[in-house]
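Reviewing the structure listed below.
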Amino acid sequence: MTSIQNASAAAKFRAMHESRCFVLPNPWDIGTAIYLQHLGFEALATTSAGFAFSRGKRDGGVPRDEMLAHIREIVGATALPVNADFLNGFADEPEEMAANVKLCVGTGVAGLSVEDNSGRTDIPLYEKKLAIERIRAARSAIDALETGVVLTGRCEAWLVGDPHPLHTALDRLVAYAEAGADCLYAPGVSKPDEIAQIVKTVAPKPINVLVSGFNHQLSLSQLADLGVRRISVGSGLVLAAWGAFLRAAQDIKTNGTFNLLAGGAASADLNELFWGKA
């Protein structure tokens, strides 16, 4: 992707956040990216967990260069804007993280997220001052490239088991917005009143809400009414696929029956979709 194409995709992606709520689904390989575009979604996002599982690794176990190659592959598979799940930027210190952000922007993404999960069990979230400095460094790195890539600041309070996740998320998301994040994201929130409080607190900046198995009862219309601008499903789709695979494989092994294969996708449909793609 040329720098002009990159800037165009980023501008389109940025505009999508301005006035309405949209779903940003998460493919984990080329085939799923192509199919999601086929369905009519307007933008896509990578999933670190989905890709890691496809490689037989834990979430967070994929090294930087392998993840960058994957992000570039997804960007190349579709004409849609792509947001990169860039974990914690694969570095602790702001300077190194910023250098990695520049590499991520170089893949052609329209947006990327940086989270405050330190990966440590003793101190799971980066100290607040450092976390803010990291967002500020990511902002500077993106601005230096003049692509307009959308920066999402993530607070992982719910996912790391913070004792007061809403308080921590509100405090940090406001700080991340002030440090230059374009979109704010606290994966794990599920209560409508807490979502509404986050929306109100960070306004006018848009927020992203993760919808997956734990809060699947939430709907697009409900979240839109709460003021949410972006909905992603994270590893939700890949876990749904893994769930079907596990049930079918276990049924074959345990019962010697193949009934669960009956609900599979039609090869003819996939062949038609992917015809001429190679």
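Residues in the structure tokens are numbered from 1 in each chain, the chains being A, B, ... in the order shown, and ligands are numbered from 1 in the order shown.
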Can you list, as a list of chain:residue names, every protein, DNA or RNA residue that comes within 12 Å of A:Ala203 when you count only C-alpha atoms, leaving out same-chain residues fewer than 4 positions away?
A:Glu18, A:Leu170, A:Leu173, A:Val174, A:Ala177, A:Glu178, A:Asp182, A:Cys183, A:Leu184, A:Ala196, A:Gln197, A:Ile198, A:Val199, A:Ile207, A:Gly227, A:Val228, A:Arg229
Write the selection just made, keeping all heavy atoms, as a tab-separated table (two decimals), in the first residue's frame?
chain	number	residue	atom	x	y	z
A	18	GLU	N	-17.08	9.41	13.45
A	18	GLU	CA	-17.53	10.75	13.78
A	18	GLU	C	-19.00	10.89	14.12
A	18	GLU	O	-19.38	11.77	14.88
A	18	GLU	CB	-17.17	11.71	12.63
A	18	GLU	CG	-15.66	11.91	12.48
A	18	GLU	CD	-15.30	12.81	11.31
A	18	GLU	OE1	-16.24	13.21	10.57
A	18	GLU	OE2	-14.11	13.10	11.13
A	170	LEU	N	-12.06	4.85	33.76
A	170	LEU	CA	-12.45	6.25	33.57
A	170	LEU	C	-11.27	7.17	33.75
A	170	LEU	O	-11.03	8.08	32.94
A	170	LEU	CB	-13.57	6.62	34.54
A	170	LEU	CG	-14.93	5.96	34.31
A	170	LEU	CD1	-15.89	6.31	35.45
A	170	LEU	CD2	-15.52	6.39	32.98
A	173	LEU	N	-8.69	6.45	30.75
A	173	LEU	CA	-9.15	6.78	29.40
A	173	LEU	C	-9.19	8.28	29.18
A	173	LEU	O	-8.88	8.77	28.08
A	173	LEU	CB	-10.53	6.15	29.15
A	173	LEU	CG	-10.55	4.62	29.06
A	173	LEU	CD1	-11.96	4.13	28.78
A	173	LEU	CD2	-9.59	4.10	28.00
A	174	VAL	N	-9.58	9.04	30.19
A	174	VAL	CA	-9.55	10.49	30.08
A	174	VAL	C	-8.11	10.96	29.84
A	174	VAL	O	-7.85	11.81	28.98
A	174	VAL	CB	-10.13	11.15	31.34
A	174	VAL	CG1	-9.83	12.65	31.36
A	174	VAL	CG2	-11.63	10.92	31.42
A	177	ALA	N	-6.99	10.11	26.33
A	177	ALA	CA	-7.57	11.04	25.35
A	177	ALA	C	-6.78	12.34	25.33
A	177	ALA	O	-6.46	12.88	24.26
A	177	ALA	CB	-9.03	11.31	25.69
A	178	GLU	N	-6.44	12.84	26.50
A	178	GLU	CA	-5.66	14.08	26.58
A	178	GLU	C	-4.26	13.90	26.01
A	178	GLU	O	-3.66	14.86	25.51
A	178	GLU	CB	-5.59	14.54	28.03
A	178	GLU	CG	-6.94	14.97	28.59
A	178	GLU	CD	-6.90	15.26	30.09
A	178	GLU	OE1	-5.86	14.94	30.73
A	178	GLU	OE2	-7.89	15.80	30.61
A	182	ASP	N	-7.23	8.90	19.74
A	182	ASP	CA	-8.42	9.33	18.99
A	182	ASP	C	-9.66	8.59	19.43
A	182	ASP	O	-10.78	9.10	19.34
A	182	ASP	CB	-8.21	9.06	17.49
A	182	ASP	CG	-7.01	9.79	16.93
A	182	ASP	OD1	-7.00	11.03	16.98
A	182	ASP	OD2	-6.08	9.12	16.44
A	183	CYS	N	-9.48	7.34	19.86
A	183	CYS	CA	-10.58	6.47	20.25
A	183	CYS	C	-10.18	5.80	21.56
A	183	CYS	O	-8.99	5.52	21.77
A	183	CYS	CB	-10.85	5.42	19.16
A	183	CYS	SG	-12.21	4.28	19.51
A	184	LEU	N	-11.14	5.56	22.43
A	184	LEU	CA	-10.85	4.96	23.72
A	184	LEU	C	-11.55	3.62	23.86
A	184	LEU	O	-12.65	3.43	23.33
A	184	LEU	CB	-11.29	5.89	24.86
A	184	LEU	CG	-10.48	7.19	25.04
A	184	LEU	CD1	-8.97	6.92	25.08
A	184	LEU	CD2	-10.81	8.24	23.99
A	196	ALA	N	-22.35	3.62	29.37
A	196	ALA	CA	-22.85	4.98	29.21
A	196	ALA	C	-21.98	5.98	29.97
A	196	ALA	O	-21.73	7.10	29.49
A	196	ALA	CB	-24.29	5.07	29.69
A	197	GLN	N	-21.50	5.58	31.13
A	197	GLN	CA	-20.65	6.47	31.92
A	197	GLN	C	-19.31	6.71	31.23
A	197	GLN	O	-18.79	7.83	31.24
A	197	GLN	CB	-20.42	5.87	33.32
A	197	GLN	CG	-19.82	6.85	34.31
A	197	GLN	CD	-19.84	6.33	35.74
A	197	GLN	OE1	-20.50	5.34	36.04
A	197	GLN	NE2	-19.11	6.98	36.62
A	198	ILE	N	-18.76	5.67	30.62
A	198	ILE	CA	-17.51	5.83	29.87
A	198	ILE	C	-17.71	6.76	28.69
A	198	ILE	O	-16.90	7.66	28.43
A	198	ILE	CB	-16.97	4.46	29.40
A	198	ILE	CG1	-16.54	3.62	30.61
A	198	ILE	CG2	-15.78	4.65	28.46
A	198	ILE	CD1	-16.16	2.19	30.26
A	199	VAL	N	-18.81	6.54	27.96
A	199	VAL	CA	-19.12	7.40	26.80
A	199	VAL	C	-19.19	8.86	27.23
A	199	VAL	O	-18.59	9.75	26.59
A	199	VAL	CB	-20.45	6.97	26.15
A	199	VAL	CG1	-20.90	8.01	25.13
A	199	VAL	CG2	-20.31	5.61	25.48
A	207	ILE	N	-15.79	5.91	21.71
A	207	ILE	CA	-15.30	4.72	22.41
A	207	ILE	C	-15.63	3.47	21.62
A	207	ILE	O	-16.60	3.43	20.85
A	207	ILE	CB	-15.85	4.60	23.85
A	207	ILE	CG1	-17.31	4.13	23.84
A	207	ILE	CG2	-15.69	5.87	24.63
A	207	ILE	CD1	-17.72	3.52	25.16
A	227	GLY	N	-24.49	5.53	22.95
A	227	GLY	CA	-23.50	6.48	22.46
A	227	GLY	C	-22.20	5.87	21.99
A	227	GLY	O	-21.24	6.59	21.68
A	228	VAL	N	-22.16	4.54	21.93
A	228	VAL	CA	-20.95	3.86	21.45
A	228	VAL	C	-20.79	4.11	19.96
A	228	VAL	O	-21.76	4.07	19.21
A	228	VAL	CB	-21.05	2.35	21.75
A	228	VAL	CG1	-19.87	1.59	21.13
A	228	VAL	CG2	-21.12	2.11	23.25
A	229	ARG	N	-19.56	4.34	19.53
A	229	ARG	CA	-19.30	4.61	18.11
A	229	ARG	C	-18.72	3.39	17.39
A	229	ARG	O	-18.86	3.30	16.17
A	229	ARG	CB	-18.33	5.78	17.97
A	229	ARG	CG	-18.88	7.11	18.43
A	229	ARG	CD	-19.87	7.70	17.45
A	229	ARG	NE	-20.39	8.96	17.94
A	229	ARG	CZ	-19.75	10.13	17.82
A	229	ARG	NH1	-18.54	10.17	17.27
A	229	ARG	NH2	-20.30	11.23	18.30
Neighbour list for A:Asn88 as a PyMOL selection string, cut-off 12 Å, only C-alpha atoms, skip fewer than 4 positions in-chain:
chain A and resi 48+60+63-64+84+92-94+96-98+100-101+112-120+124-126+131+134-135+138+152-156
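We find atom CA of A:Asn208 and atom CA of A:Tyr185 to be spaced 4.9 Å apart.
In this structure, atom CA of A:Ser232 sits 28.5 Å away from atom CA of A:Leu261.
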What's the 10 Å shell around A:Ser8, counting only C-alpha atoms, without same-chain residues fewer than 3 positions away, as an MDAnalysis selection string?
chainID A and resid 2:5 11:14 81 110 147:149
Please dump the current selection as a PDB file, in the first residue's frame; keep N, CA, C and O atoms.
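That gives us selection.pdb:
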ATOM      1  N   THR A   2       0.591   2.202  -0.898  1.00  0.00           N
ATOM      2  CA  THR A   2       1.362   3.431  -0.955  1.00  0.00           C
ATOM      3  C   THR A   2       0.958   4.347   0.190  1.00  0.00           C
ATOM      4  O   THR A   2      -0.069   4.162   0.846  1.00  0.00           O
ATOM      5  N   SER A   3       1.797   5.362   0.428  1.00  0.00           N
ATOM      6  CA  SER A   3       1.497   6.297   1.508  1.00  0.00           C
ATOM      7  C   SER A   3       0.191   7.041   1.244  1.00  0.00           C
ATOM      8  O   SER A   3      -0.558   7.363   2.183  1.00  0.00           O
ATOM      9  N   ILE A   4      -0.099   7.310  -0.035  1.00  0.00           N
ATOM     10  CA  ILE A   4      -1.354   7.990  -0.393  1.00  0.00           C
ATOM     11  C   ILE A   4      -2.542   7.090  -0.088  1.00  0.00           C
ATOM     12  O   ILE A   4      -3.551   7.531   0.471  1.00  0.00           O
ATOM     13  N   GLN A   5      -2.432   5.799  -0.445  1.00  0.00           N
ATOM     14  CA  GLN A   5      -3.506   4.852  -0.153  1.00  0.00           C
ATOM     15  C   GLN A   5      -3.690   4.685   1.350  1.00  0.00           C
ATOM     16  O   GLN A   5      -4.814   4.584   1.850  1.00  0.00           O
ATOM     17  N   ALA A  11      -8.115   8.169   6.556  1.00  0.00           N
ATOM     18  CA  ALA A  11      -9.119   9.239   6.547  1.00  0.00           C
ATOM     19  C   ALA A  11     -10.529   8.655   6.540  1.00  0.00           C
ATOM     20  O   ALA A  11     -11.422   9.152   7.242  1.00  0.00           O
ATOM     21  N   LYS A  12     -10.736   7.604   5.763  1.00  0.00           N
ATOM     22  CA  LYS A  12     -12.047   6.944   5.734  1.00  0.00           C
ATOM     23  C   LYS A  12     -12.373   6.349   7.095  1.00  0.00           C
ATOM     24  O   LYS A  12     -13.498   6.490   7.603  1.00  0.00           O
ATOM     25  N   PHE A  13     -11.399   5.701   7.690  1.00  0.00           N
ATOM     26  CA  PHE A  13     -11.596   5.070   8.985  1.00  0.00           C
ATOM     27  C   PHE A  13     -11.890   6.123  10.056  1.00  0.00           C
ATOM     28  O   PHE A  13     -12.790   5.958  10.887  1.00  0.00           O
ATOM     29  N   ARG A  14     -11.178   7.211  10.024  1.00  0.00           N
ATOM     30  CA  ARG A  14     -11.386   8.292  10.990  1.00  0.00           C
ATOM     31  C   ARG A  14     -12.809   8.850  10.864  1.00  0.00           C
ATOM     32  O   ARG A  14     -13.488   9.085  11.869  1.00  0.00           O
ATOM     33  N   PRO A  81     -10.381  -0.443   5.316  1.00  0.00           N
ATOM     34  CA  PRO A  81      -9.469   0.016   6.366  1.00  0.00           C
ATOM     35  C   PRO A  81      -9.291  -1.080   7.416  1.00  0.00           C
ATOM     36  O   PRO A  81     -10.249  -1.771   7.767  1.00  0.00           O
ATOM     37  N   ALA A 110      -4.999   1.445   8.894  1.00  0.00           N
ATOM     38  CA  ALA A 110      -5.716   2.708   9.028  1.00  0.00           C
ATOM     39  C   ALA A 110      -5.818   3.131  10.489  1.00  0.00           C
ATOM     40  O   ALA A 110      -6.123   4.278  10.797  1.00  0.00           O
ATOM     41  N   THR A 147       0.253  10.170   8.304  1.00  0.00           N
ATOM     42  CA  THR A 147      -0.704   9.293   7.618  1.00  0.00           C
ATOM     43  C   THR A 147      -2.129   9.445   8.150  1.00  0.00           C
ATOM     44  O   THR A 147      -3.070   8.977   7.522  1.00  0.00           O
ATOM     45  N   GLY A 148      -2.281  10.058   9.316  1.00  0.00           N
ATOM     46  CA  GLY A 148      -3.603  10.203   9.898  1.00  0.00           C
ATOM     47  C   GLY A 148      -4.149   8.937  10.522  1.00  0.00           C
ATOM     48  O   GLY A 148      -5.354   8.831  10.787  1.00  0.00           O
ATOM     49  N   VAL A 149      -3.288   7.954  10.773  1.00  0.00           N
ATOM     50  CA  VAL A 149      -3.721   6.692  11.363  1.00  0.00           C
ATOM     51  C   VAL A 149      -4.406   6.945  12.708  1.00  0.00           C
ATOM     52  O   VAL A 149      -3.949   7.746  13.517  1.00  0.00           O
TER      53      VAL A 149
END
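These are the residues of stretch 52-255 of chain A assigned strand (DSSP E) by DSSP from backbone coordinates: Val82, Asn83, Ala84, Asp85, Gly111, Leu112, Ser113, Val114, Glu115, Val150, Leu151, Thr152, Gly153, Arg154, Cys183, Leu184, Tyr185, Ile207, Asn208, Val209, Leu210, Arg230, Ile231 and Ser232 of chain A.
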Got a sec: who's within 9 Å of A:Ala43, counting only C-alpha atoms, leaving out chain neighbours fewer than 2 positions off, as a PyMOL selection string?
chain A and resi 13+22-25+36-37+41+45+79-83
I need the chosen residues saved as an mmCIF file, in the first residue's frame, with C-alpha atoms.
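That gives us part-v4.cif:
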data_model
loop_
_atom_site.group_PDB
_atom_site.id
_atom_site.type_symbol
_atom_site.label_atom_id
_atom_site.label_comp_id
_atom_site.auth_asym_id
_atom_site.auth_seq_id
_atom_site.Cartn_x
_atom_site.Cartn_y
_atom_site.Cartn_z
ATOM 1 C CA PHE A 13 -11.596 5.070 8.985
ATOM 2 C CA PHE A 22 -20.361 0.651 13.329
ATOM 3 C CA VAL A 23 -19.183 -2.922 13.809
ATOM 4 C CA LEU A 24 -15.484 -3.645 13.356
ATOM 5 C CA PRO A 25 -15.231 -7.461 13.071
ATOM 6 C CA LEU A 36 -16.106 -10.268 6.096
ATOM 7 C CA GLN A 37 -15.547 -7.804 3.262
ATOM 8 C CA PHE A 41 -18.533 -4.695 6.610
ATOM 9 C CA ALA A 45 -9.517 -5.255 12.839
ATOM 10 C CA ALA A 79 -9.578 -2.970 0.307
ATOM 11 C CA LEU A 80 -11.145 -2.064 3.661
ATOM 12 C CA PRO A 81 -9.469 0.016 6.366
ATOM 13 C CA VAL A 82 -7.770 -2.262 8.900
ATOM 14 C CA ASN A 83 -7.162 -1.554 12.573
#
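The coordinates place atom CA of A:His164 at 14.7 Å from atom CA of A:Ile123.
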Would you list, as a ChimeraX atom specification, the residues of stretch 108-159 of chain A that end up in alpha helix (DSSP H) under DSSP run on this structure's backbone?
/A:128-145
With N, CA, C and O atoms retained, could you export that selection as a short mmCIF file (atom, residue, chain, number, x, y, z; two decimals), in the first residue's frame?
data_model
loop_
_atom_site.label_atom_id
_atom_site.label_comp_id
_atom_site.auth_asym_id
_atom_site.auth_seq_id
_atom_site.Cartn_x
_atom_site.Cartn_y
_atom_site.Cartn_z
N LYS A 128 0.49 4.55 35.90
CA LYS A 128 -0.31 5.50 35.12
C LYS A 128 0.55 6.50 34.35
O LYS A 128 0.30 6.76 33.16
N LYS A 129 1.54 7.09 34.99
CA LYS A 129 2.37 8.08 34.30
C LYS A 129 3.05 7.48 33.09
O LYS A 129 3.09 8.08 32.01
N LEU A 130 3.58 6.27 33.24
CA LEU A 130 4.25 5.59 32.13
C LEU A 130 3.24 5.26 31.04
O LEU A 130 3.53 5.43 29.84
N ALA A 131 2.06 4.81 31.43
CA ALA A 131 1.03 4.48 30.45
C ALA A 131 0.65 5.69 29.61
O ALA A 131 0.45 5.59 28.39
N ILE A 132 0.55 6.85 30.25
CA ILE A 132 0.23 8.09 29.53
C ILE A 132 1.37 8.46 28.59
O ILE A 132 1.14 8.86 27.44
N GLU A 133 2.59 8.34 29.06
CA GLU A 133 3.75 8.65 28.23
C GLU A 133 3.80 7.74 27.00
O GLU A 133 4.20 8.18 25.91
N ARG A 134 3.38 6.51 27.16
CA ARG A 134 3.36 5.57 26.04
C ARG A 134 2.34 6.00 24.99
O ARG A 134 2.61 5.93 23.79
N ILE A 135 1.17 6.44 25.41
CA ILE A 135 0.17 6.93 24.46
C ILE A 135 0.68 8.19 23.75
O ILE A 135 0.54 8.34 22.53
N ARG A 136 1.29 9.07 24.51
CA ARG A 136 1.82 10.29 23.93
C ARG A 136 2.92 9.97 22.90
O ARG A 136 2.99 10.60 21.83
N ALA A 137 3.75 8.99 23.21
CA ALA A 137 4.81 8.60 22.28
C ALA A 137 4.24 7.97 21.01
O ALA A 137 4.73 8.22 19.90
N ALA A 138 3.19 7.16 21.17
CA ALA A 138 2.54 6.56 19.99
C ALA A 138 1.93 7.63 19.12
O ALA A 138 2.02 7.58 17.88
N ARG A 139 1.31 8.64 19.76
CA ARG A 139 0.72 9.75 19.01
C ARG A 139 1.79 10.49 18.20
O ARG A 139 1.60 10.80 17.02
N SER A 140 2.91 10.77 18.84
CA SER A 140 3.99 11.49 18.16
C SER A 140 4.55 10.67 17.00
O SER A 140 4.86 11.22 15.93
N ALA A 141 4.67 9.36 17.19
CA ALA A 141 5.19 8.49 16.13
C ALA A 141 4.26 8.49 14.93
O ALA A 141 4.71 8.57 13.77
N ILE A 142 2.97 8.42 15.19
CA ILE A 142 1.99 8.44 14.09
C ILE A 142 2.01 9.79 13.38
O ILE A 142 2.01 9.86 12.14
N ASP A 143 2.02 10.86 14.15
CA ASP A 143 1.99 12.20 13.55
C ASP A 143 3.22 12.46 12.70
O ASP A 143 3.15 13.15 11.68
N ALA A 144 4.36 11.91 13.12
CA ALA A 144 5.60 12.12 12.36
C ALA A 144 5.51 11.51 10.96
O ALA A 144 6.17 11.98 10.03
N LEU A 145 4.68 10.49 10.80
CA LEU A 145 4.54 9.83 9.49
C LEU A 145 3.46 10.47 8.64
O LEU A 145 3.33 10.15 7.46
#
Of the residues A:Gly61, A:Gly108, A:Gly213, A:Gly50, which is the one nearest to A:Phe90, using only C-alpha atoms?
A:Gly61
My list of candidates is A:His38, A:Lys205, A:Arg20, A:Arg55. Which is closest to A:Ser221 when distances are computed with only C-alpha atoms?
A:Arg20
